[in-house]
Each structure stands twice: as C-alpha cells, then as structure tokens.
file start.cif (mmCIF, C-alpha atoms and all ligand atoms)
data_input
loop_
_atom_site.label_atom_id
_atom_site.label_comp_id
_atom_site.auth_asym_id
_atom_site.auth_seq_id
_atom_site.Cartn_x
_atom_site.Cartn_y
_atom_site.Cartn_z
CA MET A 1 6.53 -29.34 9.16
CA SER A 2 4.22 -29.95 6.26
CA ARG A 3 1.61 -32.66 6.26
CA VAL A 4 0.14 -34.13 3.10
CA TYR A 5 -3.45 -35.11 2.40
CA ASN A 6 -3.11 -38.86 2.70
CA PHE A 7 -5.76 -40.88 0.85
CA SER A 8 -4.35 -44.28 1.84
CA ALA A 9 -6.81 -47.14 2.35
CA GLY A 10 -5.03 -48.16 5.53
CA PRO A 11 -3.04 -47.69 7.60
CA ALA A 12 -4.60 -44.32 7.05
CA VAL A 13 -4.79 -40.71 8.14
CA LEU A 14 -5.44 -40.08 11.84
CA PRO A 15 -7.01 -36.95 13.36
CA GLU A 16 -4.33 -34.32 13.85
CA PRO A 17 -5.47 -33.40 17.40
CA VAL A 18 -5.04 -37.06 18.35
CA LEU A 19 -1.49 -37.19 17.00
CA LYS A 20 -0.64 -33.94 18.79
CA GLN A 21 -2.01 -35.17 22.10
CA ALA A 22 -0.14 -38.45 21.72
CA ALA A 23 3.06 -36.49 21.03
CA GLU A 24 2.52 -34.34 24.13
CA GLU A 25 1.91 -37.40 26.27
CA MET A 26 4.68 -39.49 24.73
CA LEU A 27 7.27 -39.20 27.50
CA ASP A 28 5.02 -38.75 30.51
CA TRP A 29 1.42 -39.90 30.44
CA HIS A 30 -0.61 -37.94 33.00
CA GLY A 31 2.24 -37.64 35.50
CA SER A 32 3.02 -41.36 35.45
CA GLY A 33 6.59 -40.60 34.36
CA MET A 34 6.35 -43.01 31.45
CA SER A 35 4.95 -43.48 28.00
CA VAL A 36 1.81 -45.60 27.57
CA MET A 37 4.05 -47.90 25.51
CA GLU A 38 6.14 -48.60 28.58
CA MET A 39 3.31 -49.41 30.99
CA SER A 40 2.31 -52.78 32.30
CA HIS A 41 -1.05 -53.78 30.90
CA ARG A 42 -1.91 -54.94 34.43
CA GLY A 43 -1.16 -51.56 36.02
CA LYS A 44 -3.92 -49.21 37.13
CA GLU A 45 -2.96 -46.56 34.54
CA PHE A 46 -3.36 -48.82 31.54
CA ILE A 47 -6.43 -50.54 32.94
CA ALA A 48 -8.03 -47.07 33.19
CA ILE A 49 -7.06 -46.23 29.57
CA HIS A 50 -8.50 -49.54 28.37
CA ALA A 51 -11.73 -49.20 30.34
CA GLN A 52 -12.28 -45.62 29.14
CA ALA A 53 -11.69 -46.66 25.51
CA GLU A 54 -14.27 -49.42 25.83
CA ALA A 55 -16.78 -47.13 27.56
CA ASP A 56 -16.38 -44.48 24.86
CA LEU A 57 -16.75 -47.02 22.05
CA ARG A 58 -19.89 -48.38 23.72
CA GLU A 59 -21.29 -44.88 23.97
CA LEU A 60 -20.44 -43.95 20.36
CA LEU A 61 -22.04 -47.05 18.86
CA ALA A 62 -24.74 -47.37 21.55
CA ILE A 63 -23.64 -50.98 22.07
CA PRO A 64 -26.29 -52.91 24.03
CA ALA A 65 -25.28 -54.35 27.42
CA ASP A 66 -25.56 -57.96 26.20
CA TYR A 67 -22.69 -57.44 23.76
CA LYS A 68 -19.03 -58.00 24.59
CA VAL A 69 -16.39 -55.65 23.23
CA LEU A 70 -13.01 -57.28 22.64
CA PHE A 71 -9.71 -55.56 21.86
CA LEU A 72 -7.68 -58.25 20.09
CA GLN A 73 -4.75 -58.73 17.73
CA GLY A 74 -4.40 -60.66 14.48
CA GLY A 75 -6.13 -58.20 12.15
CA ALA A 76 -9.42 -58.48 10.33
CA ALA A 77 -7.82 -61.24 8.25
CA GLY A 78 -7.27 -63.14 11.50
CA GLN A 79 -11.02 -62.88 12.12
CA PHE A 80 -11.67 -64.57 8.78
CA ALA A 81 -10.60 -67.76 10.62
CA VAL A 82 -11.47 -66.81 14.18
CA VAL A 83 -15.15 -66.15 13.35
CA PRO A 84 -15.83 -69.71 12.13
CA MET A 85 -13.72 -71.16 14.95
CA ASN A 86 -16.00 -69.45 17.46
CA LEU A 87 -19.37 -69.17 15.78
CA LEU A 88 -19.97 -72.52 14.09
CA ARG A 89 -21.21 -73.85 17.47
CA GLY A 90 -21.43 -77.43 16.27
CA LYS A 91 -22.95 -76.51 12.90
CA SER A 92 -21.21 -77.40 9.67
CA ALA A 93 -22.07 -74.56 7.29
CA ALA A 94 -22.13 -70.78 7.05
CA ASP A 95 -23.56 -68.35 4.49
CA TYR A 96 -21.32 -65.74 2.87
CA VAL A 97 -22.22 -62.87 0.57
CA ASN A 98 -19.51 -62.31 -2.01
CA THR A 99 -19.09 -58.63 -2.84
CA GLY A 100 -15.45 -58.61 -3.86
CA TYR A 101 -11.85 -58.84 -2.76
CA TRP A 102 -12.32 -58.93 1.02
CA SER A 103 -15.37 -61.19 1.03
CA LYS A 104 -13.49 -63.60 -1.21
CA LYS A 105 -10.63 -63.65 1.30
CA ALA A 106 -13.08 -64.28 4.14
CA ILE A 107 -14.73 -67.09 2.15
CA GLY A 108 -11.40 -68.69 1.30
CA GLU A 109 -10.39 -68.83 4.95
CA ALA A 110 -13.81 -70.01 6.20
CA LYS A 111 -13.68 -72.93 3.76
CA ARG A 112 -10.90 -74.39 5.88
CA TYR A 113 -13.36 -74.70 8.77
CA CYS A 114 -16.79 -75.32 7.32
CA LYS A 115 -18.96 -75.64 4.26
CA VAL A 116 -19.47 -72.23 2.75
CA ASN A 117 -22.69 -71.42 0.92
CA VAL A 118 -22.32 -68.29 -1.20
CA ALA A 119 -25.78 -66.87 -0.57
CA ALA A 120 -25.37 -64.02 -3.06
CA SER A 121 -22.65 -62.57 -5.25
CA SER A 122 -22.00 -59.52 -7.41
CA GLN A 123 -19.34 -61.28 -9.45
CA ASP A 124 -21.55 -60.98 -12.57
CA ALA A 125 -20.82 -57.24 -12.66
CA ASN A 126 -17.25 -57.37 -11.46
CA PHE A 127 -18.28 -56.63 -7.86
CA THR A 128 -19.64 -53.16 -8.51
CA TYR A 129 -22.81 -53.48 -6.43
CA ALA A 130 -24.29 -55.03 -3.29
CA PRO A 131 -26.73 -57.84 -4.19
CA LYS A 132 -30.33 -56.99 -3.30
CA GLN A 133 -31.86 -58.99 -0.50
CA ASP A 134 -34.44 -60.70 -2.77
CA LYS A 135 -31.57 -62.35 -4.68
CA TRP A 136 -30.09 -64.00 -1.60
CA GLN A 137 -30.41 -67.73 -1.07
CA LEU A 138 -30.04 -68.20 2.64
CA ASP A 139 -29.64 -71.54 4.35
CA LEU A 140 -31.67 -71.37 7.54
CA ASN A 141 -29.42 -74.00 9.11
CA ALA A 142 -26.30 -71.91 8.58
CA ALA A 143 -24.38 -71.00 11.72
CA TYR A 144 -24.20 -67.35 10.61
CA VAL A 145 -24.39 -65.07 7.57
CA HIS A 146 -21.24 -63.10 6.75
CA ILE A 147 -21.08 -59.85 4.80
CA THR A 148 -18.34 -57.33 4.13
CA SER A 149 -20.32 -54.17 4.77
CA ASN A 150 -17.75 -51.96 3.08
CA GLU A 151 -15.49 -53.38 0.39
CA THR A 152 -12.36 -51.27 0.76
CA ILE A 153 -11.02 -52.05 -2.71
CA GLY A 154 -14.21 -52.18 -4.78
CA GLY A 155 -15.76 -49.19 -2.98
CA VAL A 156 -19.11 -50.95 -2.43
CA GLU A 157 -20.94 -50.22 0.82
CA PHE A 158 -24.11 -51.70 2.32
CA HIS A 159 -26.34 -48.76 3.16
CA TRP A 160 -28.92 -51.17 4.58
CA ILE A 161 -28.87 -54.06 7.04
CA PRO A 162 -29.84 -57.46 5.63
CA ASP A 163 -32.62 -59.50 7.20
CA THR A 164 -31.16 -62.93 7.92
CA GLN A 165 -34.32 -64.46 9.37
CA GLY A 166 -32.91 -65.12 12.79
CA VAL A 167 -29.52 -66.44 11.68
CA PRO A 168 -26.77 -64.31 13.30
CA LEU A 169 -25.43 -61.65 10.95
CA VAL A 170 -21.67 -61.14 11.00
CA THR A 171 -20.00 -58.19 9.32
CA ASP A 172 -16.48 -57.19 8.46
CA ALA A 173 -16.87 -53.45 9.07
CA SER A 174 -13.14 -52.69 8.95
CA SER A 175 -13.31 -49.82 6.52
CA HIS A 176 -16.47 -48.00 7.60
CA ILE A 177 -16.95 -48.65 11.30
CA LEU A 178 -17.54 -45.36 13.19
CA SER A 179 -18.28 -43.52 9.94
CA ARG A 180 -22.02 -43.61 10.74
CA PRO A 181 -24.31 -44.81 13.50
CA MET A 182 -24.90 -48.56 13.42
CA ASP A 183 -27.77 -50.58 14.91
CA VAL A 184 -25.53 -53.07 16.70
CA SER A 185 -28.52 -55.10 17.90
CA ARG A 186 -29.14 -56.26 14.31
CA TYR A 187 -25.76 -58.02 14.23
CA GLY A 188 -24.49 -61.12 15.99
CA LEU A 189 -20.91 -59.97 15.53
CA ILE A 190 -19.09 -56.97 14.10
CA TYR A 191 -15.34 -56.99 13.56
CA ALA A 192 -12.89 -54.43 12.30
CA GLY A 193 -9.16 -53.93 11.93
CA ALA A 194 -8.25 -50.59 13.51
CA GLN A 195 -6.02 -49.08 10.88
CA LYS A 196 -8.67 -47.14 8.97
CA ASN A 197 -11.20 -45.39 11.19
CA ILE A 198 -10.06 -46.43 14.64
CA GLY A 199 -6.32 -46.02 15.15
CA PRO A 200 -3.00 -47.71 14.43
CA ALA A 201 -2.59 -51.20 12.97
CA GLY A 202 -2.25 -53.97 15.52
CA LEU A 203 -5.65 -53.65 17.19
CA THR A 204 -8.70 -55.62 16.05
CA ILE A 205 -12.09 -54.86 17.54
CA VAL A 206 -14.79 -57.50 17.95
CA ILE A 207 -18.30 -56.66 19.15
CA VAL A 208 -20.25 -59.86 19.79
CA ARG A 209 -23.59 -60.81 21.27
CA GLU A 210 -22.84 -62.65 24.47
CA GLU A 211 -25.15 -65.62 23.80
CA LEU A 212 -23.04 -66.55 20.75
CA ILE A 213 -19.81 -67.10 22.64
CA GLY A 214 -18.58 -70.00 24.75
CA GLN A 215 -18.81 -72.73 22.13
CA ALA A 216 -15.52 -72.29 20.27
CA SER A 217 -14.20 -75.38 18.54
CA PRO A 218 -11.79 -77.25 20.85
CA THR A 219 -8.73 -76.47 18.74
CA THR A 220 -9.25 -72.68 18.94
CA PRO A 221 -6.17 -70.97 20.39
CA ALA A 222 -7.08 -69.48 23.78
CA VAL A 223 -6.12 -65.96 22.66
CA PHE A 224 -8.70 -66.27 19.88
CA ASP A 225 -11.45 -67.79 21.99
CA TYR A 226 -13.96 -64.95 22.43
CA LYS A 227 -15.20 -66.36 25.74
CA VAL A 228 -11.69 -66.59 27.19
CA GLN A 229 -10.88 -63.04 26.11
CA ALA A 230 -14.26 -61.69 27.26
CA GLU A 231 -13.75 -63.16 30.72
CA ALA A 232 -10.24 -61.66 30.87
CA ASP A 233 -11.32 -58.18 29.67
CA SER A 234 -9.27 -58.83 26.51
CA MET A 235 -6.18 -59.37 28.65
CA HIS A 236 -5.73 -63.12 28.44
CA ASN A 237 -2.44 -62.12 26.87
CA THR A 238 -0.80 -58.72 26.41
CA PRO A 239 -3.12 -56.49 24.42
CA PRO A 240 -1.79 -54.02 21.82
CA THR A 241 -1.55 -51.36 24.51
CA TYR A 242 -0.40 -48.35 22.51
CA ALA A 243 -2.93 -49.00 19.75
CA VAL A 244 -5.70 -49.21 22.36
CA TYR A 245 -4.56 -45.88 23.81
CA ILE A 246 -4.60 -44.13 20.40
CA ALA A 247 -7.98 -45.69 19.59
CA GLY A 248 -9.23 -44.24 22.88
CA LEU A 249 -8.05 -40.77 21.83
CA VAL A 250 -9.84 -41.22 18.49
CA PHE A 251 -13.05 -42.17 20.33
CA GLN A 252 -12.75 -38.99 22.43
CA TRP A 253 -12.14 -36.95 19.27
CA LEU A 254 -15.34 -38.40 17.79
CA LYS A 255 -17.31 -37.65 20.94
CA ASN A 256 -16.05 -34.05 20.99
CA LEU A 257 -17.05 -33.69 17.35
CA GLY A 258 -20.64 -34.57 18.26
CA GLY A 259 -20.69 -38.36 17.86
CA LEU A 260 -21.45 -40.60 14.91
CA LYS A 261 -24.55 -38.78 13.64
CA LYS A 262 -22.44 -35.67 13.18
CA MET A 263 -19.57 -37.71 11.73
CA GLU A 264 -21.99 -39.23 9.24
CA GLU A 265 -23.19 -35.77 8.11
CA ILE A 266 -19.60 -34.74 7.47
CA ASN A 267 -18.87 -37.99 5.64
CA ILE A 268 -21.93 -37.57 3.42
CA ALA A 269 -20.81 -34.03 2.57
CA LYS A 270 -17.27 -35.20 1.75
CA ALA A 271 -18.44 -38.11 -0.43
CA LYS A 272 -20.89 -35.82 -2.27
CA LEU A 273 -18.05 -33.52 -3.27
CA VAL A 274 -16.20 -36.35 -5.01
CA TYR A 275 -19.15 -38.24 -6.53
CA GLY A 276 -20.83 -34.99 -7.52
CA TYR A 277 -17.80 -34.14 -9.59
CA LEU A 278 -17.33 -37.67 -10.98
CA ASP A 279 -20.95 -37.62 -12.18
CA GLN A 280 -20.57 -34.51 -14.26
CA THR A 281 -17.38 -35.34 -16.12
CA GLU A 282 -16.55 -37.72 -18.93
CA PHE A 283 -12.87 -37.53 -18.12
CA TYR A 284 -13.16 -39.75 -15.01
CA HIS A 285 -15.43 -42.69 -14.33
CA SER A 286 -16.87 -44.27 -11.16
CA PRO A 287 -17.64 -47.96 -11.72
CA VAL A 288 -19.87 -48.53 -8.68
CA ALA A 289 -23.71 -48.63 -8.73
CA ARG A 290 -24.90 -45.29 -7.37
CA GLU A 291 -26.95 -46.65 -4.48
CA ASP A 292 -24.07 -48.81 -3.24
CA ARG A 293 -21.25 -46.31 -3.45
CA SER A 294 -18.96 -46.24 -0.46
CA ARG A 295 -18.61 -43.01 1.48
CA MET A 296 -15.17 -44.11 2.62
CA ASN A 297 -13.38 -45.60 -0.40
CA ILE A 298 -13.94 -44.07 -3.81
CA PRO A 299 -12.38 -45.93 -6.72
CA PHE A 300 -12.35 -44.12 -10.07
CA THR A 301 -10.61 -44.46 -13.39
CA LEU A 302 -9.33 -42.00 -15.93
CA ARG A 303 -10.99 -42.72 -19.29
CA ASN A 304 -7.53 -42.48 -20.78
CA SER A 305 -5.44 -44.75 -18.57
CA ALA A 306 -2.27 -43.59 -20.32
CA LEU A 307 -2.60 -40.52 -18.08
CA ASP A 308 -2.56 -42.51 -14.81
CA ASP A 309 1.10 -41.96 -14.04
CA ALA A 310 0.90 -38.25 -14.81
CA PHE A 311 -2.17 -37.97 -12.56
CA LEU A 312 -0.38 -39.56 -9.62
CA LYS A 313 2.77 -37.54 -10.15
CA GLU A 314 0.96 -34.21 -10.40
CA ALA A 315 -1.27 -35.10 -7.43
CA LYS A 316 1.83 -35.73 -5.36
CA SER A 317 3.22 -32.33 -6.26
CA HIS A 318 -0.02 -30.91 -4.76
CA ALA A 319 0.62 -32.89 -1.54
CA LEU A 320 -2.18 -35.35 -2.43
CA THR A 321 -0.79 -38.83 -1.83
CA GLN A 322 -1.67 -42.54 -1.90
CA LEU A 323 -4.26 -42.21 -4.67
CA LYS A 324 -3.17 -45.23 -6.70
CA GLY A 325 -5.90 -47.87 -6.93
CA HIS A 326 -5.36 -51.36 -5.52
CA ARG A 327 -3.19 -53.55 -7.75
CA SER A 328 -6.14 -55.91 -8.34
CA VAL A 329 -8.33 -53.23 -9.97
CA GLY A 330 -5.98 -50.47 -11.15
CA GLY A 331 -7.07 -46.86 -11.67
CA MET A 332 -7.31 -44.57 -8.65
CA ARG A 333 -8.87 -44.76 -5.23
CA ALA A 334 -9.47 -41.96 -2.76
CA SER A 335 -10.03 -43.22 0.76
CA ILE A 336 -11.70 -40.45 2.69
CA TYR A 337 -12.00 -41.84 6.19
CA ASN A 338 -13.31 -39.91 9.20
CA ALA A 339 -9.97 -38.20 9.79
CA MET A 340 -9.66 -36.82 6.24
CA PRO A 341 -10.57 -33.15 6.59
CA ILE A 342 -13.14 -31.71 4.19
CA ASP A 343 -10.43 -29.33 2.97
CA GLY A 344 -8.45 -32.37 1.83
CA VAL A 345 -11.41 -33.54 -0.23
CA LYS A 346 -11.95 -30.06 -1.69
CA THR A 347 -8.28 -29.87 -2.62
CA LEU A 348 -8.51 -33.25 -4.32
CA VAL A 349 -11.57 -32.29 -6.37
CA GLU A 350 -9.98 -28.96 -7.37
CA PHE A 351 -6.89 -30.84 -8.47
CA MET A 352 -8.95 -33.36 -10.47
CA ARG A 353 -10.74 -30.51 -12.22
CA GLU A 354 -7.49 -28.75 -13.00
CA PHE A 355 -5.97 -31.98 -14.30
CA GLU A 356 -8.98 -32.48 -16.58
CA ARG A 357 -8.67 -28.90 -17.89
CA LYS A 358 -5.04 -29.50 -18.67
CA HIS A 359 -5.28 -32.96 -20.21
CA GLY A 360 -8.91 -33.34 -21.29
C1 LIG A 401 -12.60 -54.87 4.56
C2 LIG A 401 -11.28 -55.41 5.00
N1 LIG A 401 -11.23 -56.61 5.60
C3 LIG A 401 -10.07 -57.14 6.01
C4 LIG A 401 -8.87 -56.49 5.83
C5 LIG A 401 -7.61 -57.13 6.31
O1 LIG A 401 -7.24 -56.50 7.48
P1 LIG A 401 -5.88 -56.83 8.25
O2 LIG A 401 -4.78 -56.46 7.33
O3 LIG A 401 -6.00 -55.94 9.45
O4 LIG A 401 -5.89 -58.25 8.62
C6 LIG A 401 -8.86 -55.24 5.21
C7 LIG A 401 -7.58 -54.55 5.03
O5 LIG A 401 -7.39 -53.58 4.40
C8 LIG A 401 -10.09 -54.69 4.78
O6 LIG A 401 -10.13 -53.51 4.16
#

call {"tool": "encode", "arguments": {"input": "start.cif", "output": "structure tokens"}}
result
Amino acid sequence: MSRVYNFSAGPAVLPEPVLKQAAEEMLDWHGSGMSVMEMSHRGKEFIAIHAQAEADLRELLAIPADYKVLFLQGGAAGQFAVVPMNLLRGKSAADYVNTGYWSKKAIGEAKRYCKVNVAASSQDANFTYAPKQDKWQLDLNAAYVHITSNETIGGVEFHWIPDTQGVPLVTDASSHILSRPMDVSRYGLIYAGAQKNIGPAGLTIVIVREELIGQASPTTPAVFDYKVQAEADSMHNTPPTYAVYIAGLVFQWLKNLGGLKKMEEINIAKAKLVYGYLDQTEFYHSPVAREDRSRMNIPFTLRNSALDDAFLKEAKSHALTQLKGHRSVGGMRASIYNAMPIDGVKTLVEFMREFERKHG
C-alpha cells in the first residue's frame, strides 16, 4: 500500500489513525456484530456514537450550553438557503460580506429569500483580502451578518472576529473549522460541511444560539427547521450515520493530539513552511494579502504559467496530488487541512524548490 500526500480542497485527507480504526471496526463495531453503516439510527449503539461525537465537539470548541449542535445533511451550500429560512425571523434583509467565490454563492442563494445588503466586499482587488471592519456598512435592522470566514478557493481567512453591534454573526466555517480555537459565543450561528476538517461528505454541522431558533419561515422543510432538528437530537429523519461516526473518530483524534490550541500550533507551523518559501522566491507568487492568508488553503501561481502542466505532472510523480487550482482562478492550490501531516508539507516545499531549480 502506498498513500499519496493529498492536497485536495475537499473531500480531503483524513487522519490515518482514523481510517485504520474505521477499517478495523468495519465488520463488527464494538462486538455489535455489524458495521456502523448497518445500524439503526434509533438503536442504543448509534445513539451512543452520536452523543459521544456531539460531546467531543462541544468540548473541542468549548461550545456554550445555550448553543445547539445539529448534525444535518444538505451540505454547506444547503445552508446558504437554510440560514435565511431560519434566521430572518420576520425581518426582510440580511448583511453579507463578499470575500469571493463562496460568499458570492451564499449571497446568490440568500437573494431568493430576502434583501441582501453587501456590507463590504474585496472585489476591488479580485478577492485577495478580508475587508477591514471600518469599511463595513452594516444595517442595524438586518436579521444577521454573514461572512465566509475561510474562502477555500481564494485562500482568504478572517483571523479576527467582526463586531456586528448586536446583530447575530453567521459564518460559513467549512474550510477552517477545528483548525484553531474559536470563541463560539461571538457567533449566532456557525455552519460547516464536513468534508474538509471534520470527516466524510454528507454531514453538515450547525452550531446555533438557541434563542435564534424556532421562528423558521412557514415554508421551511421540517428537516431543515433548526428547532425541529434540535428537539429531535438531529434525528427528525435519518442522519448521515457513517459520516457522524467518522467525524466522532476525528474529534477523538483531535482530543488525543491535545485539542485545538495544539492543532493551531501545528497548522501555523505548516502554513509558515509554505508561505515562508513563497515569500523568498520570484518563481512562485502568492496573491493574498499577508495578514489575511489562509492557513488551510494556499493558492499560488507560477510566474510562468506555461510550466503549470509540468508542475502538476512532476508533483504527481512525487506522490503529491490534487494541487491544481480551482477552475475559476487557475494556478495551484495546496490545501493543508488538519490531517495533512507536516511531512507532507515539507515534501511539497522541497519539491517546489527542486522544480524551481530545474526550471527557473
Ligand atoms: C467555504 C465553503 N462553503 C461552501 C461549500 C459548499 O459545500 P457543499 O459542497 O458541502 O455544499 C464549500 C465547498 O467546498 C466551501 O469550501
């Protein structure tokens, strides 16, 4: 068996110990005589798996007691619609900060449900930075303020929490949740698709302050009504059971590692290796403003784009895969989520240096 270093933006690399444990438990989970995939979600075994996963997530993120944790389906893109359905609460407008591809998608979907005020945008510089707070034009009557706290494609990350003057702050944290500690109490709602830092695709996590739920618009499907799902422990319908189980193993892996503070230290060290190199070469270029650079998704270009194909081909021969940038921006992108080992990042940087020596 030989595994590659997989720099995919998602679905993405998972911790090897998690995959090994899942393989060991595949046919017989803890003496139950069945795989987790085969269990009833109403049985005591799965209910225990689900409850443990929630407890571990609460511990990792220090989620306050007045927040509900929901394990849903429909993806983060589903939440682009589900958030306004649930959080408008009779209001007619919401504020959105436009930092690139994923915020634009969220805005486009929200416009089907309410008036969207773009409170700030980094479009003027091709979405290469996070707009400073003093440039925001907030509407104090907005139902909520939405940000994309890590733009997976543009590689722009909020390293600070905006002050929304009492209006609930909502964030799409899909591509950096669990990469660092987070002050959950500063948010009204946090959502994330699982397939980057949490587990397999199919699970969507919502963390929401309890006082904000219970006023979904009447046409909201019951499975997407936060209140309905909160009251049913996310089991109003069948949850994505296997994805919840793997997410639970990832949470245990993070706890064993020392929690999110430790994970953050490792992520800072990994990101420094790549940016440190990008900053001292003319051969490659990082387009993102230094203070807003993502620790998880690192887009970069080769000054000579005619070498792009050769770069990807040679990288692959070094078992470094999925480095092609998103089709909307081109170039390269290295996604270095929690589960990417530091050795993978070192191997990438060594390869980039060698490629420069050869072609520079
Ligand atoms: C920041 C962000 N938001 C939303 C999405 C869409 O997620 P999904 O495909 O789970 O709906 C992605 C997917 O990559 C993402 O990176």

call {"tool": "axis_aligned_box", "arguments": {"input": "start.cif", "around": "region 89-100 of chain A", "padding_each_side": "6 Å", "output": "AutoDock Vina command-line options"}}
result
--center_x -19.5 --center_y -68.0 --center_z 6.8 --size_x 20.1 --size_y 30.8 --size_z 33.3

call {"tool": "residues_around", "arguments": {"input": "start.cif", "residues": "Pro341 (chain A)", "least_positions_apart": "5", "cutoff": "10 Å", "atoms": "all atoms listed in the file", "output": "PDB file with C-alpha atoms, in the frame of the given file"}}
result
ATOM      1  CA  TYR A   5      -3.450 -35.110   2.400  1.00  0.00           C
ATOM      2  CA  VAL A  13      -4.790 -40.710   8.140  1.00  0.00           C
ATOM      3  CA  PRO A  15      -7.010 -36.950  13.360  1.00  0.00           C
ATOM      4  CA  GLU A  16      -4.330 -34.320  13.850  1.00  0.00           C
ATOM      5  CA  ILE A 266     -19.600 -34.740   7.470  1.00  0.00           C
ATOM      6  CA  ASN A 267     -18.870 -37.990   5.640  1.00  0.00           C
ATOM      7  CA  LYS A 270     -17.270 -35.200   1.750  1.00  0.00           C
ATOM      8  CA  ILE A 336     -11.700 -40.450   2.690  1.00  0.00           C
ATOM      9  CA  LYS A 346     -11.950 -30.060  -1.690  1.00  0.00           C
TER      10      LYS A 346
END

call {"tool": "closest_residue", "arguments": {"input": "start.cif", "among": "A:Gly74, A:Pro240, A:Gly202, A:Gly330", "to": "His50 (chain A)", "atoms": "all atoms listed in the file"}}
result
A:Pro240

call {"tool": "residues_near_ligand", "arguments": {"input": "start.cif", "ligand": "ligand LIG 401 (chain A)", "cutoff": "9 Å", "atoms": "all atoms listed in the file", "output": "VMD selection string"}}
result
chain A and resid 9 to 11 73 to 80 101 to 103 105 to 106 148 to 153 172 to 176 191 to 196 201 to 204

call {"tool": "residues_around", "arguments": {"input": "start.cif", "residues": "Lys132 (chain A)", "least_positions_apart": "3", "cutoff": "9 Å", "atoms": "only C-alpha atoms", "output": "ChimeraX atom specification"}}
result
/A:120,129,135-136,162

call {"tool": "residues_around", "arguments": {"input": "start.cif", "residues": "region 302-316 of chain A", "least_positions_apart": "5", "cutoff": "6 Å", "atoms": "all atoms listed in the file", "output": "list in words"}}
result
Phe283, Tyr284 and Thr321 of chain A

call {"tool": "closest_residue", "arguments": {"input": "start.cif", "among": "A:His285, A:Asp279, A:Gly248, A:Thr238", "to": "Met39 (chain A)", "atoms": "only C-alpha atoms"}}
result
A:Thr238

call {"tool": "closest_residue", "arguments": {"input": "start.cif", "among": "A:Ser8, A:Ile213, A:Lys20, A:Thr99", "to": "Arg333 (chain A)", "atoms": "only C-alpha atoms"}}
result
A:Ser8
